[in-house]
$ cat protein_26.tsv   # TSV, C-alpha atoms
chain	number	residue	atom	x	y	z
A	1	MET	CA	-3.89	-0.38	30.31
A	2	SER	CA	-1.14	-2.58	31.70
A	3	LYS	CA	2.33	-2.67	30.10
A	4	PHE	CA	1.86	-6.32	29.23
A	5	SER	CA	-1.42	-5.81	27.39
A	6	LEU	CA	0.17	-2.96	25.39
A	7	ILE	CA	2.51	-5.54	23.87
A	8	THR	CA	0.03	-8.39	23.44
A	9	LYS	CA	-2.97	-6.43	22.10
A	10	GLY	CA	-1.52	-6.48	18.57
A	11	PHE	CA	-1.85	-10.26	18.33
A	12	ILE	CA	-5.62	-10.62	18.60
A	13	LYS	CA	-7.60	-7.66	19.93
A	14	ASP	CA	-6.03	-4.88	17.84
A	15	ASN	CA	-4.46	-7.06	15.17
A	16	PRO	CA	-3.51	-4.55	12.44
A	17	THR	CA	-4.20	-6.92	9.55
A	18	PHE	CA	-7.25	-8.96	10.51
A	19	VAL	CA	-9.11	-6.58	12.84
A	20	LEU	CA	-8.04	-3.03	11.99
A	21	VAL	CA	-7.45	-3.93	8.29
A	22	LEU	CA	-4.63	-1.42	7.84
A	23	GLY	CA	-1.55	-1.59	5.64
A	24	MET	CA	-3.06	-3.94	3.08
A	25	CYS	CA	-0.61	-3.19	0.26
A	26	PRO	CA	2.56	-4.66	1.82
A	27	THR	CA	0.46	-7.40	3.42
A	28	LEU	CA	-0.63	-8.62	0.00
A	29	ALA	CA	2.45	-7.82	-2.03
A	30	THR	CA	5.35	-9.06	0.07
A	31	THR	CA	3.96	-12.27	1.56
A	32	THR	CA	5.02	-14.53	-1.32
A	33	SER	CA	7.04	-16.55	1.19
A	34	ALA	CA	7.23	-16.80	4.98
A	35	MET	CA	10.67	-15.18	5.05
A	36	ASN	CA	9.60	-12.18	2.94
A	37	GLY	CA	6.56	-11.63	5.16
A	38	LEU	CA	8.73	-11.76	8.29
A	39	GLU	CA	11.28	-9.30	6.86
A	40	MET	CA	8.61	-6.85	5.77
A	41	GLY	CA	6.98	-7.06	9.20
A	42	LEU	CA	10.27	-6.35	10.97
A	43	ALA	CA	11.07	-3.43	8.66
A	44	THR	CA	7.66	-1.87	9.39
A	45	MET	CA	8.11	-2.50	13.12
A	46	PHE	CA	11.44	-0.65	13.09
A	47	VAL	CA	9.83	2.48	11.62
A	48	LEU	CA	6.76	2.11	13.84
A	49	ILE	CA	8.73	1.99	17.11
A	50	LEU	CA	11.04	4.88	16.24
A	51	SER	CA	8.29	7.12	14.88
A	52	ASN	CA	6.08	6.37	17.90
A	53	ILE	CA	8.90	7.34	20.30
A	54	PHE	CA	9.83	10.48	18.40
A	55	ILE	CA	6.26	11.65	17.86
A	56	SER	CA	5.35	11.17	21.52
A	57	LEU	CA	8.39	13.36	22.35
A	58	ILE	CA	7.54	16.21	19.98
A	59	ALA	CA	3.72	16.03	20.21
A	60	PRO	CA	3.41	18.63	23.03
A	61	VAL	CA	5.18	21.33	20.97
A	62	VAL	CA	3.64	20.64	17.54
A	63	PRO	CA	0.71	22.98	16.71
A	64	ASP	CA	-2.46	21.01	16.13
A	65	LYS	CA	-3.05	22.33	12.62
A	66	VAL	CA	0.22	21.14	11.10
A	67	ARG	CA	0.55	17.89	13.02
A	68	ILE	CA	-0.18	15.53	10.11
A	69	PRO	CA	2.52	16.97	7.77
A	70	VAL	CA	4.97	16.98	10.69
A	71	TYR	CA	4.23	13.32	11.45
A	72	ILE	CA	4.64	12.40	7.79
A	73	VAL	CA	8.06	14.08	7.66
A	74	VAL	CA	9.14	12.26	10.83
A	75	ILE	CA	7.98	8.92	9.41
A	76	ALA	CA	9.60	9.62	6.02
A	77	THR	CA	12.88	10.41	7.78
A	78	PHE	CA	12.93	7.08	9.60
A	79	VAL	CA	11.97	5.28	6.39
A	80	THR	CA	14.95	6.89	4.65
A	81	VAL	CA	17.20	5.78	7.53
A	82	LEU	CA	15.84	2.26	7.11
A	83	GLN	CA	16.32	2.38	3.32
A	84	LEU	CA	19.96	3.46	3.61
A	85	ALA	CA	20.71	0.95	6.37
A	86	MET	CA	19.13	-1.91	4.40
A	87	GLN	CA	20.98	-0.96	1.21
A	88	ALA	CA	24.24	-1.02	3.18
A	89	PHE	CA	23.84	-4.16	5.25
A	90	VAL	CA	21.20	-6.40	3.63
A	91	PRO	CA	21.06	-5.39	-0.07
A	92	ASP	CA	19.48	-8.75	-1.07
A	93	ILE	CA	16.47	-8.22	1.18
A	94	TYR	CA	16.18	-4.60	0.02
A	95	GLU	CA	16.11	-5.85	-3.57
A	96	THR	CA	13.35	-8.43	-2.88
A	97	LEU	CA	11.06	-6.10	-0.93
A	98	GLY	CA	11.74	-3.34	-3.46
A	99	LEU	CA	9.23	-0.53	-3.70
A	100	PHE	CA	7.46	-1.55	-0.51
A	101	ILE	CA	10.24	-0.29	1.77
A	102	PRO	CA	9.86	3.39	0.73
A	103	LEU	CA	6.10	2.86	0.75
A	104	ILE	CA	6.16	2.30	4.53
A	105	VAL	CA	5.77	6.11	4.58
A	106	VAL	CA	2.19	5.80	3.42
A	107	ASN	CA	1.43	2.67	5.46
A	108	CYS	CA	-1.69	3.67	7.39
A	109	ILE	CA	-0.57	1.66	10.44
A	110	VAL	CA	2.36	3.98	11.18
A	111	LEU	CA	0.44	7.25	10.78
A	112	GLY	CA	-2.57	5.65	12.46
A	113	ARG	CA	-0.62	4.78	15.63
A	114	ALA	CA	0.97	8.26	15.70
A	115	GLU	CA	-2.45	9.88	15.54
A	116	ALA	CA	-4.36	7.43	17.75
A	117	PHE	CA	-1.77	6.64	20.40
A	118	ALA	CA	1.69	8.24	20.35
A	119	ASN	CA	0.57	11.88	20.40
A	120	LYS	CA	-1.30	11.51	23.69
A	121	ASN	CA	0.72	8.96	25.63
A	122	SER	CA	4.09	8.80	27.36
A	123	VAL	CA	7.30	7.89	25.54
A	124	GLY	CA	7.57	4.50	27.25
A	125	ASP	CA	3.98	3.51	26.50
A	126	SER	CA	4.33	4.68	22.88
A	127	ALA	CA	7.44	2.53	22.44
A	128	LEU	CA	5.59	-0.49	23.85
A	129	ASP	CA	2.61	0.26	21.61
A	130	GLY	CA	4.97	0.33	18.61
A	131	ILE	CA	6.46	-3.01	19.65
A	132	GLY	CA	3.01	-4.55	20.22
A	133	ILE	CA	1.40	-3.43	16.99
A	134	GLY	CA	4.65	-4.15	15.11
A	135	LEU	CA	4.74	-7.71	16.47
A	136	GLY	CA	1.09	-8.23	15.55
A	137	PHE	CA	1.76	-7.01	12.00
A	138	THR	CA	4.89	-9.16	11.69
A	139	LEU	CA	3.00	-12.21	12.97
A	140	SER	CA	0.10	-11.71	10.52
A	141	LEU	CA	2.46	-11.24	7.57
A	142	THR	CA	4.46	-14.32	8.53
A	143	VAL	CA	1.32	-16.45	8.85
A	144	ILE	CA	0.05	-15.31	5.43
A	145	GLY	CA	3.54	-15.94	4.04
A	146	ILE	CA	3.66	-19.45	5.51
A	147	VAL	CA	0.26	-20.39	4.05
A	148	ARG	CA	1.15	-18.99	0.61
A	149	GLU	CA	4.58	-20.64	0.61
A	150	ILE	CA	3.18	-24.07	1.58
A	151	LEU	CA	0.47	-23.95	-1.10
A	152	GLY	CA	2.54	-22.15	-3.72
A	153	SER	CA	5.90	-23.87	-3.49
A	154	GLY	CA	5.52	-26.69	-0.95
A	155	SER	CA	8.00	-25.30	1.55
A	156	VAL	CA	8.22	-23.31	4.79
A	157	PHE	CA	10.99	-20.73	5.31
A	158	GLY	CA	12.73	-22.24	2.27
A	159	TRP	CA	12.63	-25.79	3.70
A	160	LYS	CA	10.98	-27.89	1.01
A	161	PHE	CA	8.86	-30.79	2.21
A	162	ILE	CA	6.49	-31.37	-0.71
A	163	ALA	CA	8.13	-32.39	-3.97
A	164	GLY	CA	7.01	-30.69	-7.18
A	165	ASP	CA	6.07	-27.16	-8.11
A	166	GLY	CA	3.09	-26.36	-5.91
A	167	ILE	CA	0.15	-24.24	-7.02
A	168	LEU	CA	1.74	-21.27	-8.77
A	169	ALA	CA	-1.37	-19.08	-8.40
A	170	PHE	CA	-0.79	-18.81	-4.64
A	171	VAL	CA	2.55	-17.10	-5.17
A	172	MET	CA	0.96	-14.73	-7.69
A	173	ALA	CA	-1.61	-11.97	-7.16
A	174	PRO	CA	-4.87	-13.99	-6.93
A	175	GLY	CA	-3.45	-16.21	-4.17
A	176	ALA	CA	-2.64	-13.19	-2.02
A	177	PHE	CA	-6.25	-11.98	-1.99
A	178	LEU	CA	-7.62	-15.52	-1.58
A	179	VAL	CA	-5.38	-16.48	1.37
A	180	LEU	CA	-6.01	-13.16	3.16
A	181	GLY	CA	-9.76	-13.54	2.60
A	182	TYR	CA	-9.90	-17.07	4.00
A	183	LEU	CA	-7.60	-16.28	6.94
A	184	MET	CA	-9.92	-13.40	7.80
A	185	VAL	CA	-12.84	-15.83	7.79
A	186	LEU	CA	-10.97	-18.12	10.20
A	187	PHE	CA	-10.11	-15.12	12.39
A	188	ASN	CA	-13.78	-14.05	12.48
A	189	LYS	CA	-14.88	-17.59	13.39
A	190	PHE	CA	-12.27	-17.74	16.14
A	191	LEU	CA	-13.30	-14.35	17.55
A	192	ALA	CA	-16.99	-15.23	17.42
A	193	LYS	CA	-16.37	-18.38	19.49
A	194	LYS	CA	-14.47	-16.55	22.23
B	195	MET	CA	3.44	2.03	-31.10
B	196	GLU	CA	5.49	2.28	-27.94
B	197	PHE	CA	2.85	4.45	-26.28
B	198	LEU	CA	0.22	1.84	-27.15
B	199	LEU	CA	2.35	-0.85	-25.49
B	200	ILE	CA	2.75	1.29	-22.37
B	201	ILE	CA	-1.00	1.90	-22.19
B	202	ILE	CA	-2.05	-1.74	-22.62
B	203	SER	CA	0.63	-2.95	-20.25
B	204	ALA	CA	-0.26	-0.43	-17.53
B	205	ILE	CA	-4.03	-0.91	-17.74
B	206	PHE	CA	-4.36	-4.66	-18.18
B	207	VAL	CA	-1.15	-6.64	-17.81
B	208	ASN	CA	0.38	-4.90	-14.80
B	209	ASN	CA	-2.83	-3.52	-13.36
B	210	ILE	CA	-1.83	-1.40	-10.40
B	211	LEU	CA	-4.43	-2.89	-8.06
B	212	LEU	CA	-4.70	-6.49	-9.17
B	213	ALA	CA	-1.06	-7.20	-10.05
B	214	GLN	CA	1.03	-4.62	-8.19
B	215	PHE	CA	-1.03	-4.26	-4.98
B	216	LEU	CA	-0.79	-0.48	-4.76
B	217	GLY	CA	-3.64	1.60	-3.35
B	218	ILE	CA	-5.55	-1.33	-1.86
B	219	CYS	CA	-6.85	0.56	1.21
B	220	PRO	CA	-9.10	3.03	-0.67
B	221	PHE	CA	-9.93	0.23	-3.13
B	222	LEU	CA	-11.48	-1.81	-0.31
B	223	GLY	CA	-12.69	1.25	1.59
B	224	VAL	CA	-14.76	3.18	-0.93
B	225	SER	CA	-15.88	0.47	-3.35
B	226	ASN	CA	-19.22	-0.13	-1.63
B	227	LYS	CA	-21.10	2.10	-4.03
B	228	LEU	CA	-20.59	2.64	-7.73
B	229	SER	CA	-20.95	6.43	-7.46
B	230	THR	CA	-18.26	6.87	-4.77
B	231	ALA	CA	-15.97	4.46	-6.63
B	232	THR	CA	-16.31	6.58	-9.78
B	233	GLY	CA	-15.58	9.78	-7.84
B	234	MET	CA	-12.53	8.27	-6.17
B	235	SER	CA	-11.21	6.92	-9.49
B	236	GLY	CA	-11.52	10.36	-11.06
B	237	ALA	CA	-9.66	12.02	-8.20
B	238	VAL	CA	-6.91	9.36	-8.20
B	239	CYS	CA	-6.53	9.64	-11.98
B	240	PHE	CA	-6.08	13.40	-11.74
B	241	VAL	CA	-3.64	13.33	-8.82
B	242	ILE	CA	-1.47	10.42	-10.03
B	243	THR	CA	-0.87	12.03	-13.43
B	244	LEU	CA	-0.16	15.48	-11.99
B	245	ALA	CA	2.01	14.18	-9.13
B	246	THR	CA	4.08	11.99	-11.44
B	247	VAL	CA	4.86	14.87	-13.79
B	248	VAL	CA	5.80	17.21	-10.92
B	249	THR	CA	7.92	14.66	-9.01
B	250	TYR	CA	9.60	13.56	-12.25
B	251	LEU	CA	10.69	17.15	-12.95
B	252	ILE	CA	11.82	17.68	-9.34
B	253	ASN	CA	13.86	14.50	-9.46
B	254	GLN	CA	15.39	15.34	-12.85
B	255	TYR	CA	16.29	18.98	-12.23
B	256	LEU	CA	16.74	19.19	-8.45
B	257	LEU	CA	17.63	15.87	-6.84
B	258	VAL	CA	19.82	14.29	-9.54
B	259	PRO	CA	22.08	17.34	-10.25
B	260	PHE	CA	22.79	17.75	-6.52
B	261	LYS	CA	23.16	13.98	-5.94
B	262	LEU	CA	20.28	13.96	-3.47
B	263	GLU	CA	18.48	10.87	-4.79
B	264	PHE	CA	18.39	9.37	-1.30
B	265	LEU	CA	15.89	12.11	-0.37
B	266	GLN	CA	13.40	10.89	-3.01
B	267	THR	CA	11.00	9.36	-0.49
B	268	ILE	CA	10.82	12.45	1.75
B	269	ALA	CA	10.75	14.94	-1.13
B	270	PHE	CA	8.06	13.07	-3.06
B	271	ILE	CA	5.67	12.58	-0.16
B	272	LEU	CA	5.91	16.28	0.72
B	273	VAL	CA	5.34	17.30	-2.90
B	274	ILE	CA	2.34	14.98	-3.14
B	275	ALA	CA	0.85	16.29	0.11
B	276	ALA	CA	1.32	19.90	-0.99
B	277	LEU	CA	-0.04	19.16	-4.44
B	278	VAL	CA	-3.18	17.53	-3.09
B	279	GLN	CA	-3.81	20.56	-0.87
B	280	MET	CA	-3.32	22.87	-3.83
B	281	VAL	CA	-5.59	20.88	-6.13
B	282	GLU	CA	-8.24	21.05	-3.43
B	283	ILE	CA	-7.96	24.84	-3.12
B	284	VAL	CA	-7.87	25.45	-6.89
B	285	LEU	CA	-10.80	23.13	-7.56
B	286	LYS	CA	-12.87	24.82	-4.87
B	287	LYS	CA	-12.29	28.18	-6.56
B	288	ILE	CA	-12.64	27.37	-10.25
B	289	SER	CA	-15.00	24.42	-10.38
B	290	PRO	CA	-17.27	23.99	-7.37
B	291	SER	CA	-19.22	21.21	-9.08
B	292	LEU	CA	-16.09	19.12	-9.68
B	293	TYR	CA	-15.03	19.90	-6.12
B	294	GLN	CA	-18.38	18.59	-4.91
B	295	ALA	CA	-17.78	15.35	-6.77
B	296	LEU	CA	-14.12	14.77	-5.90
B	297	GLY	CA	-13.68	16.93	-2.80
B	298	ILE	CA	-14.14	14.42	-0.03
B	299	PHE	CA	-11.74	11.98	-1.66
B	300	LEU	CA	-8.85	14.38	-2.11
B	301	PRO	CA	-7.51	14.40	1.49
B	302	LEU	CA	-7.52	10.59	1.43
B	303	ILE	CA	-5.28	10.51	-1.61
B	304	THR	CA	-2.14	11.75	0.15
B	305	THR	CA	-1.87	8.45	1.96
B	306	ASN	CA	-2.84	6.42	-1.12
B	307	CYS	CA	0.31	4.44	-1.80
B	308	ALA	CA	-0.54	4.24	-5.51
B	309	VAL	CA	0.46	7.91	-5.94
B	310	LEU	CA	3.83	7.62	-4.23
B	311	GLY	CA	4.30	4.17	-5.76
B	312	VAL	CA	3.90	5.35	-9.36
B	313	ALA	CA	6.03	8.47	-8.73
B	314	LEU	CA	8.85	6.33	-7.34
B	315	THR	CA	8.51	3.62	-9.98
B	316	VAL	CA	8.96	5.92	-12.97
B	317	VAL	CA	12.18	7.43	-11.61
B	318	THR	CA	13.80	4.25	-10.28
B	319	LYS	CA	12.77	1.37	-12.53
B	320	GLU	CA	13.88	0.54	-16.05
B	321	PHE	CA	11.15	-0.42	-18.50
B	322	THR	CA	11.35	-2.63	-21.57
B	323	PHE	CA	8.56	-1.35	-23.79
B	324	GLY	CA	9.33	-2.30	-27.38
B	325	GLY	CA	13.05	-2.93	-27.31
B	326	GLU	CA	15.81	-2.52	-24.79
B	327	ALA	CA	15.51	-1.55	-21.12
B	328	HIS	CA	15.60	2.18	-20.51
B	329	MET	CA	14.48	4.82	-18.03
B	330	LEU	CA	11.27	6.55	-19.06
B	331	ASN	CA	11.45	10.09	-20.47
B	332	LEU	CA	8.94	12.72	-19.39
B	333	GLY	CA	6.43	11.94	-22.14
B	334	GLU	CA	6.52	8.21	-21.50
B	335	ALA	CA	6.32	8.73	-17.74
B	336	THR	CA	3.20	10.89	-18.16
B	337	VAL	CA	1.52	8.34	-20.42
B	338	TYR	CA	2.49	5.54	-18.04
B	339	ALA	CA	1.06	7.42	-15.04
B	340	PHE	CA	-2.17	8.26	-16.84
B	341	ALA	CA	-2.64	4.70	-18.14
B	342	THR	CA	-1.88	3.26	-14.70
B	343	SER	CA	-4.52	5.45	-13.12
B	344	LEU	CA	-7.00	4.40	-15.82
B	345	GLY	CA	-6.25	0.81	-14.81
B	346	TYR	CA	-6.94	1.79	-11.21
B	347	GLY	CA	-10.29	3.26	-12.23
B	348	LEU	CA	-11.20	0.24	-14.33
B	349	ALA	CA	-10.52	-2.28	-11.54
B	350	MET	CA	-12.21	-0.05	-8.96
B	351	ILE	CA	-15.40	0.52	-10.95
B	352	LEU	CA	-15.70	-3.15	-11.99
B	353	PHE	CA	-15.24	-4.19	-8.38
B	354	ALA	CA	-17.78	-1.66	-7.08
B	355	GLY	CA	-20.31	-3.05	-9.56
B	356	LEU	CA	-19.70	-6.58	-8.28
B	357	ARG	CA	-19.83	-5.44	-4.68
B	358	GLU	CA	-23.23	-3.78	-5.07
B	359	HIS	CA	-24.57	-7.17	-6.11
B	360	LEU	CA	-22.73	-8.93	-3.29
B	361	ALA	CA	-24.51	-6.76	-0.75
B	362	LEU	CA	-27.87	-8.20	-1.84
B	363	ASN	CA	-26.80	-11.81	-1.44
B	364	ASN	CA	-27.03	-14.04	1.57
B	365	VAL	CA	-23.41	-14.57	2.55
B	366	PRO	CA	-22.37	-16.86	5.47
B	367	LYS	CA	-21.80	-14.82	8.62
B	368	ALA	CA	-18.03	-15.26	8.91
B	369	PHE	CA	-17.58	-14.23	5.24
B	370	ARG	CA	-19.58	-10.99	5.47
B	371	GLY	CA	-17.88	-7.72	4.67
B	372	LEU	CA	-14.21	-7.85	3.74
B	373	PRO	CA	-13.52	-11.60	3.46
B	374	ILE	CA	-16.02	-12.15	0.65
B	375	ALA	CA	-14.82	-8.94	-0.99
B	376	LEU	CA	-11.22	-10.20	-0.94
B	377	ILE	CA	-12.24	-13.54	-2.43
B	378	THR	CA	-14.09	-11.66	-5.19
B	379	VAL	CA	-10.98	-9.57	-5.89
B	380	SER	CA	-8.98	-12.78	-6.06
B	381	ILE	CA	-11.24	-14.09	-8.84
B	382	MET	CA	-10.93	-10.72	-10.65
B	383	ALA	CA	-7.14	-10.94	-10.34
B	384	MET	CA	-7.26	-14.43	-11.87
B	385	ALA	CA	-9.19	-13.02	-14.81
B	386	PHE	CA	-6.60	-10.26	-15.23
B	387	LEU	CA	-3.80	-12.88	-15.17
B	388	GLY	CA	-5.20	-13.93	-18.53
B	389	PHE	CA	-3.82	-10.70	-20.01
B	390	SER	CA	-0.24	-11.55	-19.06
B	391	GLY	CA	1.87	-12.34	-22.06
B	392	ILE	CA	0.03	-10.12	-24.56
B	393	VAL	CA	2.68	-7.40	-24.27
$ encode --input "protein_26.tsv" --output "structure tokens"
Amino acid sequence: MSKFSLITKGFIKDNPTFVLVLGMCPTLATTTSAMNGLEMGLATMFVLILSNIFISLIAPVVPDKVRIPVYIVVIATFVTVLQLAMQAFVPDIYETLGLFIPLIVVNCIVLGRAEAFANKNSVGDSALDGIGIGLGFTLSLTVIGIVREILGSGSVFGWKFIAGDGILAFVMAPGAFLVLGYLMVLFNKFLAKK
Amino acid sequence: MEFLLIIISAIFVNNILLAQFLGICPFLGVSNKLSTATGMSGAVCFVITLATVVTYLINQYLLVPFKLEFLQTIAFILVIAALVQMVEIVLKKISPSLYQALGIFLPLITTNCAVLGVALTVVTKEFTFGGEAHMLNLGEATVYAFATSLGYGLAMILFAGLREHLALNNVPKAFRGLPIALITVSIMAMAFLGFSGIV
């Protein structure tokens, strides 16, 4: 697989949200606005890249039987680094995303990439894979965030262009499921045409 | 009275699946059949309650006295992973029939974010059940965890029932599988919004 396709596969072919359907909890919970979706995506990408690099380095020496617990500890370590860094530098964002930052530990995307890619590929390729899948995840979250923000509060990235309150349900729980469901339909249609 | 408030709030008002979005992956993954959904709910119920009690005690008597709260995430996920393993071994020994029913779901539960989510919530968030905001004590935390997992089971079993009917219907091609399931969950979440405000 070429270096370029490692980075771009996350957008369409291996899109973590619409094709692989992994990491649904943060996808639904943090996309109340475009900005929140983007921030959550970037936070996940940070952990994904670092854990991919580290796991591809240690994979040759980790016994097969204990590999999953080892990977989880590695991922949890990077999540703790991220938590401390965010509390120090961007406490507002940490406050908004809340519980879903520590929960990156159990995000199936991160463990999934470690198991499916990083433990049998080179360090460079694993880093690119982390970037690619991370970008795909960030893009999906931002798109869902944009749709929910337009319908729910009539704005994009905080820039308000429709006066009034918007449809509150789209910012709340039902809207999350509904928007994801319909975007998946569009994605399926688009893929079927290609 | 306070326990009643915790129970109603955790099951209906702040339903863990439909309002807090925790544990969605197994919710979508194993809700195709009513029997597997029931098995999964039972296993989740068991593990969430046990894990919350254990992690609560570890936090209270190990992490807080040594000022190691920043290790919560790492410590909790390891405890949960170990606990799930142990439950699996113990169940296999003492109750093979229960192991038959729950066994295949247990390994999946380690990466169920509902377990870690509830464990972290009860030690970091202040609650306002009947009066002023306060951290939960052990009894309240246990009741909260148990009620939350009942809410998980309720949403899961209701959804599995709906999904069994969905499978028999003629759904447009692009909607088949997950999209129509998500739209169904959305309507369920709307129904559960009706409970908001009763506590």
$ atom_distance --input "protein_26.tsv" --atom1 "CA of Cys25 (chain A)" --atom2 "CA of Ser5 (chain A)"
27.3 Å
$ residues_around --input "protein_26.tsv" --residues "region 70-81 of chain A" --least-positions-apart "4" --cutoff "7 Å" --atoms "only C-alpha atoms" --output "CSV table (one decimal) with C-alpha atoms, in the frame of the given file"
chain,number,residue,atom,x,y,z
A,47,VAL,CA,9.8,2.5,11.6
A,51,SER,CA,8.3,7.1,14.9
A,55,ILE,CA,6.3,11.6,17.9
A,66,VAL,CA,0.2,21.1,11.1
A,85,ALA,CA,20.7,1.0,6.4
A,102,PRO,CA,9.9,3.4,0.7
A,104,ILE,CA,6.2,2.3,4.5
A,105,VAL,CA,5.8,6.1,4.6
B,267,THR,CA,11.0,9.4,-0.5
B,268,ILE,CA,10.8,12.4,1.8
$ closest_residue --input "protein_26.tsv" --among "A:Ile109, A:Val143, A:Leu22, A:Val171" --to "chain B" --atoms "only C-alpha atoms"
A:Leu22
$ closest_residue --input "protein_26.tsv" --among "A:Phe157, A:Phe117, A:Phe54, A:Phe11" --to "Gly37 (chain A)" --atoms "only C-alpha atoms"
A:Phe157
$ residues_around --input "protein_26.tsv" --residues "Gly134 (chain A)" --least-positions-apart "5" --cutoff "8 Å" --atoms "only C-alpha atoms" --output "VMD selection string"
chain A and resid 10 41 to 42 44 to 46 48 to 49
$ interface_residues --input "protein_26.tsv" --of "chain B" --to "chain A" --cutoff "10 Å" --atoms "all atoms listed in the file" --output "ChimeraX atom specification"
/B:211-220,222-223,264-272,275-276,304-312,314-315,318-319,366-370,372-387
$ closest_residue --input "protein_26.tsv" --among "A:Thr142, A:Ser122, A:Ser155, A:Ser2" --to "Thr17 (chain A)" --atoms "all atoms listed in the file"
A:Thr142
$ atom_distance --input "protein_26.tsv" --atom1 "CA of Gly132 (chain A)" --atom2 "CA of Gln87 (chain A)"
26.4 Å
$ atom_distance --input "protein_26.tsv" --atom1 "CA of Glu358 (chain B)" --atom2 "CA of Tyr346 (chain B)"
18.3 Å
$ residues_around --input "protein_26.tsv" --residues "region 280-287 of chain B" --least-positions-apart "4" --cutoff "8 Å" --atoms "all atoms listed in the file" --output "PyMOL selection string"
chain B and resi 276+292-293+297+300
$ build_atoms --input "protein_26.tsv" --residues "region 243-255 of chain B" --atoms "N, CA and C atoms" --output "PDB file, keeping the file's coordinate frame"
ATOM      1  N   THR B 243      -1.512  11.468 -12.241  1.00  0.00           N
ATOM      2  CA  THR B 243      -0.870  12.030 -13.430  1.00  0.00           C
ATOM      3  C   THR B 243      -0.113  13.304 -13.082  1.00  0.00           C
ATOM      4  N   LEU B 244      -0.792  14.209 -12.353  1.00  0.00           N
ATOM      5  CA  LEU B 244      -0.160  15.480 -11.990  1.00  0.00           C
ATOM      6  C   LEU B 244       1.062  15.252 -11.110  1.00  0.00           C
ATOM      7  N   ALA B 245       0.914  14.396 -10.085  1.00  0.00           N
ATOM      8  CA  ALA B 245       2.010  14.180  -9.130  1.00  0.00           C
ATOM      9  C   ALA B 245       3.213  13.559  -9.825  1.00  0.00           C
ATOM     10  N   THR B 246       2.961  12.637 -10.768  1.00  0.00           N
ATOM     11  CA  THR B 246       4.080  11.990 -11.440  1.00  0.00           C
ATOM     12  C   THR B 246       4.868  12.991 -12.260  1.00  0.00           C
ATOM     13  N   VAL B 247       4.165  13.863 -12.982  1.00  0.00           N
ATOM     14  CA  VAL B 247       4.860  14.870 -13.790  1.00  0.00           C
ATOM     15  C   VAL B 247       5.703  15.781 -12.885  1.00  0.00           C
ATOM     16  N   VAL B 248       5.087  16.278 -11.798  1.00  0.00           N
ATOM     17  CA  VAL B 248       5.800  17.210 -10.920  1.00  0.00           C
ATOM     18  C   VAL B 248       7.006  16.532 -10.261  1.00  0.00           C
ATOM     19  N   THR B 249       6.800  15.317  -9.694  1.00  0.00           N
ATOM     20  CA  THR B 249       7.920  14.660  -9.010  1.00  0.00           C
ATOM     21  C   THR B 249       9.004  14.259 -10.002  1.00  0.00           C
ATOM     22  N   TYR B 250       8.608  13.903 -11.230  1.00  0.00           N
ATOM     23  CA  TYR B 250       9.600  13.560 -12.250  1.00  0.00           C
ATOM     24  C   TYR B 250      10.512  14.749 -12.508  1.00  0.00           C
ATOM     25  N   LEU B 251       9.891  15.932 -12.673  1.00  0.00           N
ATOM     26  CA  LEU B 251      10.690  17.150 -12.950  1.00  0.00           C
ATOM     27  C   LEU B 251      11.576  17.498 -11.751  1.00  0.00           C
ATOM     28  N   ILE B 252      11.025  17.367 -10.535  1.00  0.00           N
ATOM     29  CA  ILE B 252      11.820  17.680  -9.340  1.00  0.00           C
ATOM     30  C   ILE B 252      13.019  16.740  -9.246  1.00  0.00           C
ATOM     31  N   ASN B 253      12.768  15.459  -9.517  1.00  0.00           N
ATOM     32  CA  ASN B 253      13.860  14.500  -9.460  1.00  0.00           C
ATOM     33  C   ASN B 253      14.927  14.824 -10.500  1.00  0.00           C
ATOM     34  N   GLN B 254      14.461  15.126 -11.732  1.00  0.00           N
ATOM     35  CA  GLN B 254      15.390  15.340 -12.850  1.00  0.00           C
ATOM     36  C   GLN B 254      16.235  16.602 -12.656  1.00  0.00           C
ATOM     37  N   TYR B 255      15.589  17.699 -12.220  1.00  0.00           N
ATOM     38  CA  TYR B 255      16.290  18.980 -12.230  1.00  0.00           C
ATOM     39  C   TYR B 255      16.730  19.454 -10.849  1.00  0.00           C
TER      40      TYR B 255
END
